[in-house]
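Undergrad: Have a peek at input-v7.pdb (PDB, C-alpha atoms and all ligand atoms).
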```
ATOM      1  CA  MET A1380       1.821  27.359   3.206
ATOM      2  CA  ALA A1381       0.713  23.964   1.981
ATOM      3  CA  LYS A1382      -1.989  21.969   3.706
ATOM      4  CA  ILE A1383      -0.346  19.011   5.431
ATOM      5  CA  ILE A1384      -2.291  15.862   4.576
ATOM      6  CA  ASP A1385      -2.570  14.069   7.895
ATOM      7  CA  GLY A1386      -2.215  10.331   7.342
ATOM      8  CA  LYS A1387      -2.225   9.619  11.076
ATOM      9  CA  THR A1388      -5.683  11.099  11.597
ATOM     10  CA  ILE A1389      -7.178   9.689   8.387
ATOM     11  CA  SER A1390      -5.777   6.187   9.027
ATOM     12  CA  ALA A1391      -7.163   6.341  12.585
ATOM     13  CA  GLN A1392     -10.624   7.201  11.162
ATOM     14  CA  ILE A1393     -10.466   4.203   8.805
ATOM     15  CA  LYS A1394      -9.381   1.906  11.629
ATOM     16  CA  GLU A1395     -12.295   3.114  13.773
ATOM     17  CA  GLU A1396     -14.689   2.401  10.879
ATOM     18  CA  CYS A1397     -13.211  -1.097  10.547
ATOM     19  CA  LYS A1398     -13.512  -1.650  14.296
ATOM     20  CA  ALA A1399     -17.197  -0.681  14.254
ATOM     21  CA  ARG A1400     -17.870  -2.989  11.270
ATOM     22  CA  VAL A1401     -16.041  -5.906  12.942
ATOM     23  CA  ALA A1402     -18.120  -5.387  16.100
ATOM     24  CA  GLU A1403     -21.302  -5.359  13.990
ATOM     25  CA  LEU A1404     -20.252  -8.583  12.233
ATOM     26  CA  LYS A1405     -19.593 -10.170  15.636
ATOM     27  CA  THR A1406     -23.197  -9.559  16.643
ATOM     28  CA  GLN A1407     -24.149 -11.623  13.554
ATOM     29  CA  GLY A1408     -21.811 -14.406  14.734
ATOM     30  CA  ILE A1409     -19.160 -13.586  12.076
ATOM     31  CA  THR A1410     -15.479 -13.412  13.042
ATOM     32  CA  VAL A1411     -12.935 -11.824  10.705
ATOM     33  CA  CYS A1412      -9.741 -13.868  10.593
ATOM     34  CA  LEU A1413      -6.409 -13.065   8.911
ATOM     35  CA  ALA A1414      -3.584 -15.607   8.534
ATOM     36  CA  VAL A1415      -0.156 -13.942   8.515
ATOM     37  CA  ILE A1416       2.796 -15.935   7.216
ATOM     38  CA  GLN A1417       6.419 -14.872   7.702
ATOM     39  CA  VAL A1418       9.305 -16.958   6.370
ATOM     40  CA  GLY A1419      12.650 -16.280   8.050
ATOM     41  CA  THR A1420      13.576 -13.542  10.507
ATOM     42  CA  ASP A1421      14.262 -10.434   8.396
ATOM     43  CA  PRO A1422      14.122  -7.674  11.072
ATOM     44  CA  ALA A1423      12.126  -5.197   8.926
ATOM     45  CA  SER A1424       9.589  -7.930   8.069
ATOM     46  CA  THR A1425       9.301  -8.840  11.751
ATOM     47  CA  VAL A1426       8.435  -5.203  12.563
ATOM     48  CA  TYR A1427       5.857  -5.012   9.718
ATOM     49  CA  VAL A1428       4.255  -8.324  10.721
ATOM     50  CA  GLY A1429       4.169  -7.216  14.375
ATOM     51  CA  ASN A1430       2.433  -3.952  13.407
ATOM     52  CA  LYS A1431      -0.132  -5.803  11.293
ATOM     53  CA  LYS A1432      -0.920  -8.195  14.145
ATOM     54  CA  LYS A1433      -1.240  -5.284  16.579
ATOM     55  CA  ALA A1434      -3.665  -3.512  14.224
ATOM     56  CA  CYS A1435      -5.744  -6.712  13.944
ATOM     57  CA  GLU A1436      -5.912  -6.971  17.714
ATOM     58  CA  TYR A1437      -7.016  -3.337  18.057
ATOM     59  CA  ILE A1438      -9.766  -3.735  15.477
ATOM     60  CA  GLY A1439     -10.991  -7.101  16.734
ATOM     61  CA  ILE A1440      -9.754  -9.168  13.781
ATOM     62  CA  LYS A1441      -8.482 -12.589  14.780
ATOM     63  CA  SER A1442      -4.941 -13.159  13.492
ATOM     64  CA  LEU A1443      -3.305 -16.530  13.016
ATOM     65  CA  SER A1444       0.464 -16.337  12.998
ATOM     66  CA  TYR A1445       2.729 -18.665  11.003
ATOM     67  CA  GLU A1446       6.432 -18.038  11.610
ATOM     68  CA  LEU A1447       8.304 -20.430   9.356
ATOM     69  CA  PRO A1448      12.083 -20.988   9.419
ATOM     70  CA  GLU A1449      14.344 -19.417   6.762
ATOM     71  CA  GLU A1450      15.027 -22.836   5.216
ATOM     72  CA  THR A1451      11.324 -23.544   4.552
ATOM     73  CA  THR A1452      10.895 -24.951   1.045
ATOM     74  CA  GLN A1453       8.568 -23.446  -1.527
ATOM     75  CA  ALA A1454       6.584 -26.715  -1.541
ATOM     76  CA  LYS A1455       6.012 -26.492   2.233
ATOM     77  CA  LEU A1456       4.884 -22.884   1.955
ATOM     78  CA  LEU A1457       2.526 -23.715  -0.910
ATOM     79  CA  ASP A1458       1.078 -26.603   1.162
ATOM     80  CA  LEU A1459       0.323 -24.187   4.016
ATOM     81  CA  ILE A1460      -1.338 -21.707   1.641
ATOM     82  CA  GLU A1461      -3.400 -24.530   0.138
ATOM     83  CA  GLU A1462      -4.544 -25.547   3.629
ATOM     84  CA  LEU A1463      -5.473 -21.941   4.527
ATOM     85  CA  ASN A1464      -7.268 -21.493   1.192
ATOM     86  CA  GLY A1465      -9.479 -24.421   2.157
ATOM     87  CA  ARG A1466     -10.302 -23.230   5.677
ATOM     88  CA  SER A1467     -13.693 -21.539   5.898
ATOM     89  CA  ASP A1468     -12.704 -19.809   9.171
ATOM     90  CA  VAL A1469      -9.829 -17.943   7.446
ATOM     91  CA  ASN A1470     -10.923 -14.870   5.444
ATOM     92  CA  GLY A1471      -7.579 -13.358   4.498
ATOM     93  CA  ILE A1472      -4.067 -14.688   3.836
ATOM     94  CA  LEU A1473      -1.017 -12.442   3.915
ATOM     95  CA  VAL A1474       2.491 -13.652   3.053
ATOM     96  CA  GLN A1475       5.048 -11.075   4.169
ATOM     97  CA  LEU A1476       7.442 -10.152   1.355
ATOM     98  CA  PRO A1477      10.284 -10.357   0.525
ATOM     99  CA  LEU A1478      10.642 -14.142   0.736
ATOM    100  CA  PRO A1479      14.041 -15.821   1.183
ATOM    101  CA  ALA A1480      16.083 -16.593  -1.956
ATOM    102  CA  GLY A1481      14.963 -19.807  -3.600
ATOM    103  CA  ILE A1482      11.247 -19.170  -3.146
ATOM    104  CA  ASP A1483       9.438 -17.867  -6.217
ATOM    105  CA  GLU A1484       7.346 -14.923  -4.969
ATOM    106  CA  ASP A1485       5.117 -14.911  -8.040
ATOM    107  CA  ALA A1486       4.263 -18.578  -7.557
ATOM    108  CA  VAL A1487       3.416 -17.918  -3.908
ATOM    109  CA  ILE A1488       1.200 -14.930  -4.753
ATOM    110  CA  ARG A1489      -0.577 -16.950  -7.454
ATOM    111  CA  ALA A1490      -1.222 -19.779  -4.963
ATOM    112  CA  ILE A1491      -3.305 -17.559  -2.652
ATOM    113  CA  ASP A1492      -7.039 -17.810  -3.323
ATOM    114  CA  PRO A1493      -7.835 -14.397  -4.938
ATOM    115  CA  ARG A1494     -10.850 -14.129  -2.599
ATOM    116  CA  LYS A1495      -8.422 -14.208   0.372
ATOM    117  CA  ASP A1496      -5.683 -12.066  -1.221
ATOM    118  CA  VAL A1497      -5.984  -9.066   1.126
ATOM    119  CA  ASP A1498      -2.717  -7.570  -0.203
ATOM    120  CA  GLY A1499      -4.301  -7.310  -3.669
ATOM    121  CA  PHE A1500      -1.217  -8.757  -5.383
ATOM    122  CA  HIS A1501      -2.830 -11.776  -7.141
ATOM    123  CA  PRO A1502      -2.944 -11.373 -10.953
ATOM    124  CA  GLN A1503      -6.724 -11.900 -10.864
ATOM    125  CA  ASN A1504      -7.167  -8.918  -8.515
ATOM    126  CA  VAL A1505      -4.719  -6.793 -10.515
ATOM    127  CA  GLY A1506      -6.636  -7.708 -13.681
ATOM    128  CA  ALA A1507      -9.959  -6.862 -12.014
ATOM    129  CA  LEU A1508      -8.597  -3.424 -11.090
ATOM    130  CA  CYS A1509      -7.433  -2.945 -14.659
ATOM    131  CA  ILE A1510     -10.880  -3.605 -16.149
ATOM    132  CA  GLY A1511     -12.850  -1.879 -13.405
ATOM    133  CA  GLN A1512     -14.263  -4.962 -11.689
ATOM    134  CA  PRO A1513     -14.461  -5.500  -7.924
ATOM    135  CA  GLY A1514     -11.515  -7.109  -6.147
ATOM    136  CA  PHE A1515      -8.830  -6.414  -3.578
ATOM    137  CA  VAL A1516      -6.624  -3.401  -4.309
ATOM    138  CA  SER A1517      -2.996  -2.997  -3.221
ATOM    139  CA  CYS A1518      -3.089  -1.238   0.157
ATOM    140  CA  THR A1519      -0.657   1.678  -0.339
ATOM    141  CA  PRO A1520      -2.250   3.136  -3.505
ATOM    142  CA  ALA A1521      -5.744   2.461  -2.134
ATOM    143  CA  GLY A1522      -4.693   4.420   0.959
ATOM    144  CA  ILE A1523      -3.522   7.334  -1.191
ATOM    145  CA  ILE A1524      -6.940   7.582  -2.847
ATOM    146  CA  GLN A1525      -8.471   7.734   0.636
ATOM    147  CA  LEU A1526      -5.982  10.446   1.684
ATOM    148  CA  LEU A1527      -6.990  12.552  -1.324
ATOM    149  CA  LYS A1528     -10.732  12.001  -0.987
ATOM    150  CA  ARG A1529     -10.861  12.543   2.761
ATOM    151  CA  SER A1530      -8.778  15.718   2.401
ATOM    152  CA  GLY A1531     -11.333  17.086  -0.054
ATOM    153  CA  ILE A1532      -8.964  16.945  -3.049
ATOM    154  CA  ALA A1533     -10.807  16.240  -6.311
ATOM    155  CA  ILE A1534      -9.128  13.855  -8.765
ATOM    156  CA  GLU A1535     -11.554  14.071 -11.694
ATOM    157  CA  GLY A1536     -10.125  15.913 -14.683
ATOM    158  CA  LYS A1537      -6.789  16.570 -12.942
ATOM    159  CA  GLU A1538      -3.373  15.993 -14.501
ATOM    160  CA  CYS A1539      -2.011  13.153 -12.363
ATOM    161  CA  VAL A1540       1.628  12.092 -12.689
ATOM    162  CA  VAL A1541       2.915   8.952 -10.966
ATOM    163  CA  VAL A1542       6.680   8.596 -10.601
ATOM    164  CA  GLY A1543       7.503   4.871 -10.413
ATOM    165  CA  ARG A1544       5.858   1.834 -12.013
ATOM    166  CA  SER A1545       6.245  -0.939  -9.424
ATOM    167  CA  ASN A1546       3.564  -3.616  -9.230
ATOM    168  CA  ILE A1547       2.662  -2.721  -5.645
ATOM    169  CA  VAL A1548       2.603   1.081  -5.861
ATOM    170  CA  GLY A1549       3.114   2.830  -9.219
ATOM    171  CA  LYS A1550       0.988   0.697 -11.544
ATOM    172  CA  PRO A1551      -2.046   0.208  -9.265
ATOM    173  CA  MET A1552      -1.800   3.904  -8.325
ATOM    174  CA  ALA A1553      -2.091   4.882 -11.977
ATOM    175  CA  LEU A1554      -5.097   2.569 -12.459
ATOM    176  CA  LEU A1555      -6.854   3.946  -9.385
ATOM    177  CA  LEU A1556      -6.328   7.563 -10.450
ATOM    178  CA  LEU A1557      -7.683   6.640 -13.866
ATOM    179  CA  ARG A1558     -10.713   4.993 -12.207
ATOM    180  CA  GLU A1559     -11.282   8.330 -10.424
ATOM    181  CA  ASN A1560     -11.232  10.083 -13.842
ATOM    182  CA  GLY A1561      -7.804  11.666 -13.528
ATOM    183  CA  THR A1562      -5.691  12.163 -16.662
ATOM    184  CA  VAL A1563      -2.786   9.909 -15.801
ATOM    185  CA  THR A1564       0.871   9.791 -16.848
ATOM    186  CA  VAL A1565       3.213   7.115 -15.479
ATOM    187  CA  THR A1566       6.942   7.850 -15.406
ATOM    188  CA  HIS A1567       9.939   5.624 -14.668
ATOM    189  CA  SER A1568      13.719   5.429 -14.910
ATOM    190  CA  ARG A1569      13.680   5.648 -18.748
ATOM    191  CA  THR A1570      11.418   8.713 -18.867
ATOM    192  CA  LYS A1571      13.018  11.551 -20.830
ATOM    193  CA  ASP A1572      13.002  14.976 -19.167
ATOM    194  CA  LEU A1573      11.216  13.853 -16.015
ATOM    195  CA  LYS A1574      11.048  17.422 -14.689
ATOM    196  CA  ALA A1575       9.011  18.593 -17.684
ATOM    197  CA  VAL A1576       6.510  15.779 -17.098
ATOM    198  CA  THR A1577       6.208  16.143 -13.311
ATOM    199  CA  LYS A1578       5.813  19.933 -13.705
ATOM    200  CA  ARG A1579       2.536  19.285 -15.538
ATOM    201  CA  ALA A1580       1.038  17.522 -12.522
ATOM    202  CA  ASP A1581      -1.869  18.855 -10.503
ATOM    203  CA  ILE A1582      -1.464  15.693  -8.407
ATOM    204  CA  LEU A1583       2.049  14.246  -8.206
ATOM    205  CA  VAL A1584       2.533  10.817  -6.604
ATOM    206  CA  VAL A1585       6.156   9.877  -5.997
ATOM    207  CA  ALA A1586       7.160   6.226  -5.432
ATOM    208  CA  ILE A1587      10.713   6.071  -6.660
ATOM    209  CA  GLY A1588      12.715   4.773  -3.681
ATOM    210  CA  LYS A1589      15.341   7.561  -3.715
ATOM    211  CA  PRO A1590      15.609   9.920  -0.715
ATOM    212  CA  LYS A1591      14.628  13.568  -1.393
ATOM    213  CA  PHE A1592      14.863  13.032  -5.173
ATOM    214  CA  ILE A1593      11.939  15.327  -6.038
ATOM    215  CA  THR A1594      12.987  18.916  -5.397
ATOM    216  CA  ALA A1595      11.207  22.208  -6.141
ATOM    217  CA  GLU A1596      12.207  22.154  -9.848
ATOM    218  CA  TYR A1597      10.008  19.089 -10.383
ATOM    219  CA  VAL A1598       6.831  20.626  -8.972
ATOM    220  CA  LYS A1599       4.248  23.035 -10.390
ATOM    221  CA  LYS A1600       3.084  25.839  -8.092
ATOM    222  CA  GLY A1601      -0.134  24.777  -6.330
ATOM    223  CA  ALA A1602       0.286  21.029  -7.011
ATOM    224  CA  VAL A1603      -0.743  18.310  -4.549
ATOM    225  CA  VAL A1604       2.273  16.146  -3.720
ATOM    226  CA  ILE A1605       2.013  12.615  -2.318
ATOM    227  CA  ASP A1606       5.258  11.102  -1.078
ATOM    228  CA  VAL A1607       5.305   7.288  -0.835
ATOM    229  CA  GLY A1608       9.028   6.879  -0.112
ATOM    230  CA  ILE A1609      10.405   5.912   3.286
ATOM    231  CA  HIS A1610      14.095   6.232   4.080
ATOM    232  CA  ARG A1611      16.310   6.858   7.067
ATOM    233  CA  ASN A1612      18.756   9.725   6.601
ATOM    234  CA  GLU A1613      22.267  10.066   8.038
ATOM    235  CA  GLN A1614      20.797  11.307  11.348
ATOM    236  CA  ASN A1615      18.575   8.195  11.475
ATOM    237  CA  LYS A1616      15.513  10.387  10.853
ATOM    238  CA  LEU A1617      12.787   9.299   8.445
ATOM    239  CA  CYS A1618      12.463  11.099   5.121
ATOM    240  CA  GLY A1619      10.657  10.492   1.841
ATOM    241  CA  ASP A1620      11.333  10.580  -1.898
ATOM    242  CA  VAL A1621      10.361  14.276  -1.868
ATOM    243  CA  ASP A1622      12.558  17.072  -0.501
ATOM    244  CA  PHE A1623       9.854  18.344   1.861
ATOM    245  CA  GLU A1624      11.654  21.584   2.836
ATOM    246  CA  THR A1625      11.937  22.936  -0.715
ATOM    247  CA  VAL A1626       8.689  21.490  -2.109
ATOM    248  CA  GLU A1627       6.243  22.308   0.696
ATOM    249  CA  PRO A1628       6.283  26.115   0.198
ATOM    250  CA  LEU A1629       5.362  25.609  -3.468
ATOM    251  CA  CYS A1630       2.469  23.208  -3.316
ATOM    252  CA  SER A1631      -1.134  23.412  -2.138
ATOM    253  CA  ALA A1632      -1.078  20.154  -0.166
ATOM    254  CA  ILE A1633       1.584  17.578   0.712
ATOM    255  CA  THR A1634       1.987  14.383   2.728
ATOM    256  CA  PRO A1635       4.732  14.409   5.357
ATOM    257  CA  VAL A1636       7.106  11.508   6.073
ATOM    258  CA  PRO A1637       6.463  10.112   8.609
ATOM    259  CA  GLY A1638       2.727  10.535   9.183
ATOM    260  CA  GLY A1639       1.514  10.678   5.563
ATOM    261  CA  VAL A1640       1.163   7.623   3.335
ATOM    262  CA  GLY A1641       2.876   5.199   5.761
ATOM    263  CA  PRO A1642       0.028   4.755   8.301
ATOM    264  CA  MET A1643      -2.509   4.339   5.473
ATOM    265  CA  THR A1644      -1.058   1.029   4.267
ATOM    266  CA  ILE A1645      -1.982  -0.910   7.420
ATOM    267  CA  ALA A1646      -5.341   0.874   7.698
ATOM    268  CA  MET A1647      -6.237  -0.266   4.163
ATOM    269  CA  LEU A1648      -5.029  -3.789   4.936
ATOM    270  CA  MET A1649      -7.510  -3.832   7.814
ATOM    271  CA  HIS A1650     -10.178  -2.487   5.452
ATOM    272  CA  ASN A1651      -9.417  -5.300   2.985
ATOM    273  CA  CYS A1652      -9.620  -7.894   5.793
ATOM    274  CA  VAL A1653     -13.076  -6.642   6.742
ATOM    275  CA  GLU A1654     -14.111  -6.707   3.050
ATOM    276  CA  SER A1655     -12.828 -10.283   2.736
ATOM    277  CA  VAL A1656     -15.804 -11.467   4.784
ATOM    278  CA  SER A1657     -18.234 -10.439   2.052
ATOM    279  CA  ILE A1658     -15.973 -11.482  -0.848
ATOM    280  CA  GLY A1659     -15.086 -14.962   0.486
TER     281      GLY A1659
HETATM  282  P1  LIG A1701      10.535   0.006  -6.620
HETATM  283  O1  LIG A1701      12.016   0.080  -6.380
HETATM  284  O2  LIG A1701       9.894  -1.316  -6.840
HETATM  285  O3  LIG A1701      10.173   0.961  -7.856
HETATM  286  C1  LIG A1701      10.763   2.209  -8.025
HETATM  287  C2  LIG A1701      10.266   2.811  -9.308
HETATM  288  O4  LIG A1701      10.895   4.085  -9.463
HETATM  289  C3  LIG A1701      10.604   1.990 -10.553
HETATM  290  O5  LIG A1701       9.480   1.887 -11.388
HETATM  291  C4  LIG A1701      11.731   2.781 -11.218
HETATM  292  O6  LIG A1701      11.714   2.751 -12.636
HETATM  293  C5  LIG A1701      11.408   4.192 -10.774
HETATM  294  N1  LIG A1701      12.621   5.008 -10.791
HETATM  295  C6  LIG A1701      13.822   4.734 -10.249
HETATM  296  N2  LIG A1701      14.702   5.735 -10.503
HETATM  297  C7  LIG A1701      14.025   6.653 -11.222
HETATM  298  C8  LIG A1701      14.379   7.904 -11.802
HETATM  299  N3  LIG A1701      15.606   8.418 -11.671
HETATM  300  N4  LIG A1701      13.442   8.586 -12.475
HETATM  301  C9  LIG A1701      12.176   8.097 -12.625
HETATM  302  N5  LIG A1701      11.791   6.917 -12.092
HETATM  303  C10 LIG A1701      12.696   6.189 -11.408
HETATM  304  O7  LIG A1701       9.889   0.757  -5.378
HETATM  305  P2  LIG A1701       8.413   0.670  -4.713
HETATM  306  O8  LIG A1701       7.386   1.155  -5.650
HETATM  307  O9  LIG A1701       8.232  -0.645  -4.065
HETATM  308  O10 LIG A1701       8.621   1.728  -3.533
HETATM  309  C11 LIG A1701       8.953   3.079  -3.766
HETATM  310  C12 LIG A1701       9.215   3.766  -2.438
HETATM  311  O11 LIG A1701       8.039   3.704  -1.650
HETATM  312  C13 LIG A1701      10.305   3.127  -1.581
HETATM  313  O12 LIG A1701      10.971   4.149  -0.863
HETATM  314  C14 LIG A1701       9.552   2.249  -0.609
HETATM  315  O13 LIG A1701      10.243   2.061   0.610
HETATM  316  C15 LIG A1701       8.313   3.072  -0.401
HETATM  317  N6  LIG A1701       7.124   2.298  -0.024
HETATM  318  C16 LIG A1701       6.374   2.796   0.991
HETATM  319  C17 LIG A1701       5.206   2.173   1.370
HETATM  320  C18 LIG A1701       4.395   2.778   2.453
HETATM  321  O14 LIG A1701       3.598   2.101   3.062
HETATM  322  N7  LIG A1701       4.532   4.082   2.689
HETATM  323  C19 LIG A1701       4.760   0.921   0.733
HETATM  324  C20 LIG A1701       5.572   0.524  -0.391
HETATM  325  C21 LIG A1701       6.724   1.200  -0.738
HETATM  326  P3  LIG A1701      11.999   1.397 -13.504
HETATM  327  O15 LIG A1701      10.732   0.607 -13.436
HETATM  328  O16 LIG A1701      12.299   1.920 -14.860
HETATM  329  O17 LIG A1701      13.162   0.725 -12.827
END
```
Spell out the structure here as structure tokens.
TA:
Amino acid sequence: MAKIIDGKTISAQIKEECKARVAELKTQGITVCLAVIQVGTDPASTVYVGNKKKACEYIGIKSLSYELPEETTQAKLLDLIEELNGRSDVNGILVQLPLPAGIDEDAVIRAIDPRKDVDGFHPQNVGALCIGQPGFVSCTPAGIIQLLKRSGIAIEGKECVVVGRSNIVGKPMALLLLRENGTVTVTHSRTKDLKAVTKRADILVVAIGKPKFITAEYVKKGAVVIDVGIHRNEQNKLCGDVDFETVEPLCSAITPVPGGVGPMTIAMLMHNCVESVSIG
């Protein structure tokens, strides 16, 4: 039986640590403030933004909410970011993605002051991660490192295979595992004989966006499997990129969906917001 890596408990611990730090900062007269910008009314984005605001409230972080109409121009959005960049009372700026068609996401990400980029998407922060300098790190992969460390799973010297090379999960995940002295392989849709590569993994991180894609044939006995995917199946139940039923009996530890990686993303966002006070 595999150990189930409990993202709910670990994310709750991180949130409590953030809450204590925010309270401590308050005694020094410092308030942590996050500006959250949503353009349009995409229902999934509305849920994510709502959850982020709720987490801020719980931890004691002040959140400023900007709900802009779908037809907002890129210029208007950039003006708002410029204004927030200049405000000393705002520590973090988060623009909920995806943005409506017609707005260049890269331009918007680049416009955020890297010292307020709590999502860790700005090229300066990505570059800093790449060369081992301090900066904000993308929340989902940062959360996975915390899941591993706080579950007592060593990364150093391990064969780590990441399936997926997106800018927000796969690539920063690979860099973080490398920073922790793992031996890292990144795979993607053009990888030849994916099974042979994933079977080498002591730690397998799957961020592919395809429900239950990774079955037992992809996994070495005793591996640690981290499932980033989130999908709803035909019965409207959540599932991941990993076929939990067939993989779990094989591995030594695994994250469930829900309750694995998912809750870590917001916890690490809160962590980044708290950090933004010292970076800004
Ligand atoms: P993307 O769609 O941006 O990237 C998917 C990656 O998987 C790509 O690099 C793609 O390769 C690769 N891929 C696709 N098909 C295959 C294949 N057959 N074999 C090998 N590699 C393949 O997804 P994200 O990284 O944004 O997200 C991945 C999953 O994680 C999604 O289910 C998403 O919902 C979830 N997610 C969950 C989060 C959480 O908080 N738990 C946060 C973010 C994402 P190529 O580059 O060649 O196209």
Undergrad: Might I get the box with edges along x, y and z of the file that holds all atoms of ligand LIG 1701 (chain A) listed there, padded by 5 Å on every side, given as centre and edge lengths in Å to one decimal, as AutoDock Vina command-line options?
TA:
```
--center_x 9.6 --center_y 3.6 --center_z -5.9 --size_x 22.0 --size_y 19.9 --size_z 27.9
```
Undergrad: Which residues of chain A have any atom within 6 Å of an atom in ligand LIG 1701 (chain A) when counting all atoms listed in the file, and what is the closest pair of atoms for each, with the distance in Å to one decimal? Order the rows by chain and rising number and write it as JSON lines.
TA:
```
{"residue": "A:Thr1519", "atom": "CA", "partner": "A:LIG1701", "partner_atom": "O14", "distance": 5.5}
{"residue": "A:Val1542", "atom": "CA", "partner": "A:LIG1701", "partner_atom": "N5", "distance": 5.6}
{"residue": "A:Gly1543", "atom": "CA", "partner": "A:LIG1701", "partner_atom": "O4", "distance": 3.6}
{"residue": "A:Arg1544", "atom": "CA", "partner": "A:LIG1701", "partner_atom": "O5", "distance": 3.7}
{"residue": "A:Ser1545", "atom": "CA", "partner": "A:LIG1701", "partner_atom": "O8", "distance": 4.5}
{"residue": "A:Val1548", "atom": "CA", "partner": "A:LIG1701", "partner_atom": "O8", "distance": 4.8}
{"residue": "A:Gly1549", "atom": "CA", "partner": "A:LIG1701", "partner_atom": "O8", "distance": 5.8}
{"residue": "A:Thr1566", "atom": "CA", "partner": "A:LIG1701", "partner_atom": "C9", "distance": 5.9}
{"residue": "A:His1567", "atom": "CA", "partner": "A:LIG1701", "partner_atom": "N5", "distance": 3.4}
{"residue": "A:Ser1568", "atom": "CA", "partner": "A:LIG1701", "partner_atom": "N5", "distance": 3.7}
{"residue": "A:Arg1569", "atom": "CA", "partner": "A:LIG1701", "partner_atom": "O16", "distance": 5.6}
{"residue": "A:Ala1586", "atom": "CA", "partner": "A:LIG1701", "partner_atom": "C11", "distance": 4.0}
{"residue": "A:Ile1587", "atom": "CA", "partner": "A:LIG1701", "partner_atom": "O4", "distance": 3.4}
{"residue": "A:Gly1588", "atom": "CA", "partner": "A:LIG1701", "partner_atom": "O12", "distance": 3.4}
{"residue": "A:Val1607", "atom": "CA", "partner": "A:LIG1701", "partner_atom": "O11", "distance": 4.6}
{"residue": "A:Gly1608", "atom": "CA", "partner": "A:LIG1701", "partner_atom": "O12", "distance": 3.4}
{"residue": "A:Ile1609", "atom": "CA", "partner": "A:LIG1701", "partner_atom": "O12", "distance": 4.5}
{"residue": "A:Val1640", "atom": "CA", "partner": "A:LIG1701", "partner_atom": "N7", "distance": 4.9}
{"residue": "A:Gly1641", "atom": "CA", "partner": "A:LIG1701", "partner_atom": "N7", "distance": 3.7}
{"residue": "A:Thr1644", "atom": "CA", "partner": "A:LIG1701", "partner_atom": "O14", "distance": 4.9}
```
Undergrad: Name the closest residue to Glu1462 in chain A among the candidates A:Ile1658, A:Ala1602, A:Cys1652, A:Ala1414; distances are taken between atoms, counting only C-alpha atoms.
TA: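 Among A:Ile1658, A:Ala1602, A:Cys1652, A:Ala1414, it is A:Ala1414 that comes nearest to Glu1462 in chain A.
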Undergrad: List the residues matched by the PyMOL selection byres (((chain A and resi 1470) around 12) and not hetatm) in the displayed structure as a count of residues only, ordered by chain and then by residue number.
TA: 38
Undergrad: Could you list, as a VMD selection string, every residue matched by the PyMOL selection byres (((chain A and resi 1396-1402) around 9) and not hetatm) in this structure?
TA: chain A and resid 1391 to 1395 1403 to 1406 1409 to 1411 1437 to 1440 1646 1649 to 1650 1653
Undergrad: Measuring between only C-alpha atoms, which one of A:Thr1388, A:Asn1615, A:Gln1453, A:Asn1504 shows the shortest distance to Glu1484 in chain A?
TA: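 Nearest candidate to Glu1484 in chain A out of A:Thr1388, A:Asn1615, A:Gln1453, A:Asn1504: A:Gln1453.
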Undergrad: Rounded to one decimal, what separation in Å do you get between CA of Leu1573 in chain A and CA of Val1626 in chain A?
TA: 16.1 Å
Undergrad: How far is it from CA of Lys1600 in chain A to CA of Ala1521 in chain A, in Å with one decimal?
TA: 25.7 Å
Undergrad: Within 12 Å of Cys1539 in chain A, counting only C-alpha atoms, which residues qualify if same-chain residues fewer than 3 places away don't, as an mmCIF file with C-alpha atoms, in the coordinates of the input?
TA:
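Wrote selection_26.cif, looks like this:
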```cif
data_model
loop_
_atom_site.group_PDB
_atom_site.id
_atom_site.type_symbol
_atom_site.label_atom_id
_atom_site.label_comp_id
_atom_site.auth_asym_id
_atom_site.auth_seq_id
_atom_site.Cartn_x
_atom_site.Cartn_y
_atom_site.Cartn_z
ATOM 1 C CA ALA A 1533 -10.807 16.240 -6.311
ATOM 2 C CA ILE A 1534 -9.128 13.855 -8.765
ATOM 3 C CA GLU A 1535 -11.554 14.071 -11.694
ATOM 4 C CA GLY A 1536 -10.125 15.913 -14.683
ATOM 5 C CA VAL A 1542 6.680 8.596 -10.601
ATOM 6 C CA GLY A 1549 3.114 2.830 -9.219
ATOM 7 C CA MET A 1552 -1.800 3.904 -8.325
ATOM 8 C CA ALA A 1553 -2.091 4.882 -11.977
ATOM 9 C CA LEU A 1554 -5.097 2.569 -12.459
ATOM 10 C CA LEU A 1555 -6.854 3.946 -9.385
ATOM 11 C CA LEU A 1556 -6.328 7.563 -10.450
ATOM 12 C CA LEU A 1557 -7.683 6.640 -13.866
ATOM 13 C CA ARG A 1558 -10.713 4.993 -12.207
ATOM 14 C CA GLU A 1559 -11.282 8.330 -10.424
ATOM 15 C CA ASN A 1560 -11.232 10.083 -13.842
ATOM 16 C CA GLY A 1561 -7.804 11.666 -13.528
ATOM 17 C CA THR A 1562 -5.691 12.163 -16.662
ATOM 18 C CA VAL A 1563 -2.786 9.909 -15.801
ATOM 19 C CA THR A 1564 0.871 9.791 -16.848
ATOM 20 C CA VAL A 1565 3.213 7.115 -15.479
ATOM 21 C CA THR A 1566 6.942 7.850 -15.406
ATOM 22 C CA VAL A 1576 6.510 15.779 -17.098
ATOM 23 C CA THR A 1577 6.208 16.143 -13.311
ATOM 24 C CA LYS A 1578 5.813 19.933 -13.705
ATOM 25 C CA ARG A 1579 2.536 19.285 -15.538
ATOM 26 C CA ALA A 1580 1.038 17.522 -12.522
ATOM 27 C CA ASP A 1581 -1.869 18.855 -10.503
ATOM 28 C CA ILE A 1582 -1.464 15.693 -8.407
ATOM 29 C CA LEU A 1583 2.049 14.246 -8.206
ATOM 30 C CA VAL A 1584 2.533 10.817 -6.604
ATOM 31 C CA VAL A 1585 6.156 9.877 -5.997
ATOM 32 C CA LYS A 1599 4.248 23.035 -10.390
ATOM 33 C CA ALA A 1602 0.286 21.029 -7.011
ATOM 34 C CA VAL A 1603 -0.743 18.310 -4.549
ATOM 35 C CA VAL A 1604 2.273 16.146 -3.720
ATOM 36 C CA ILE A 1605 2.013 12.615 -2.318
#
```
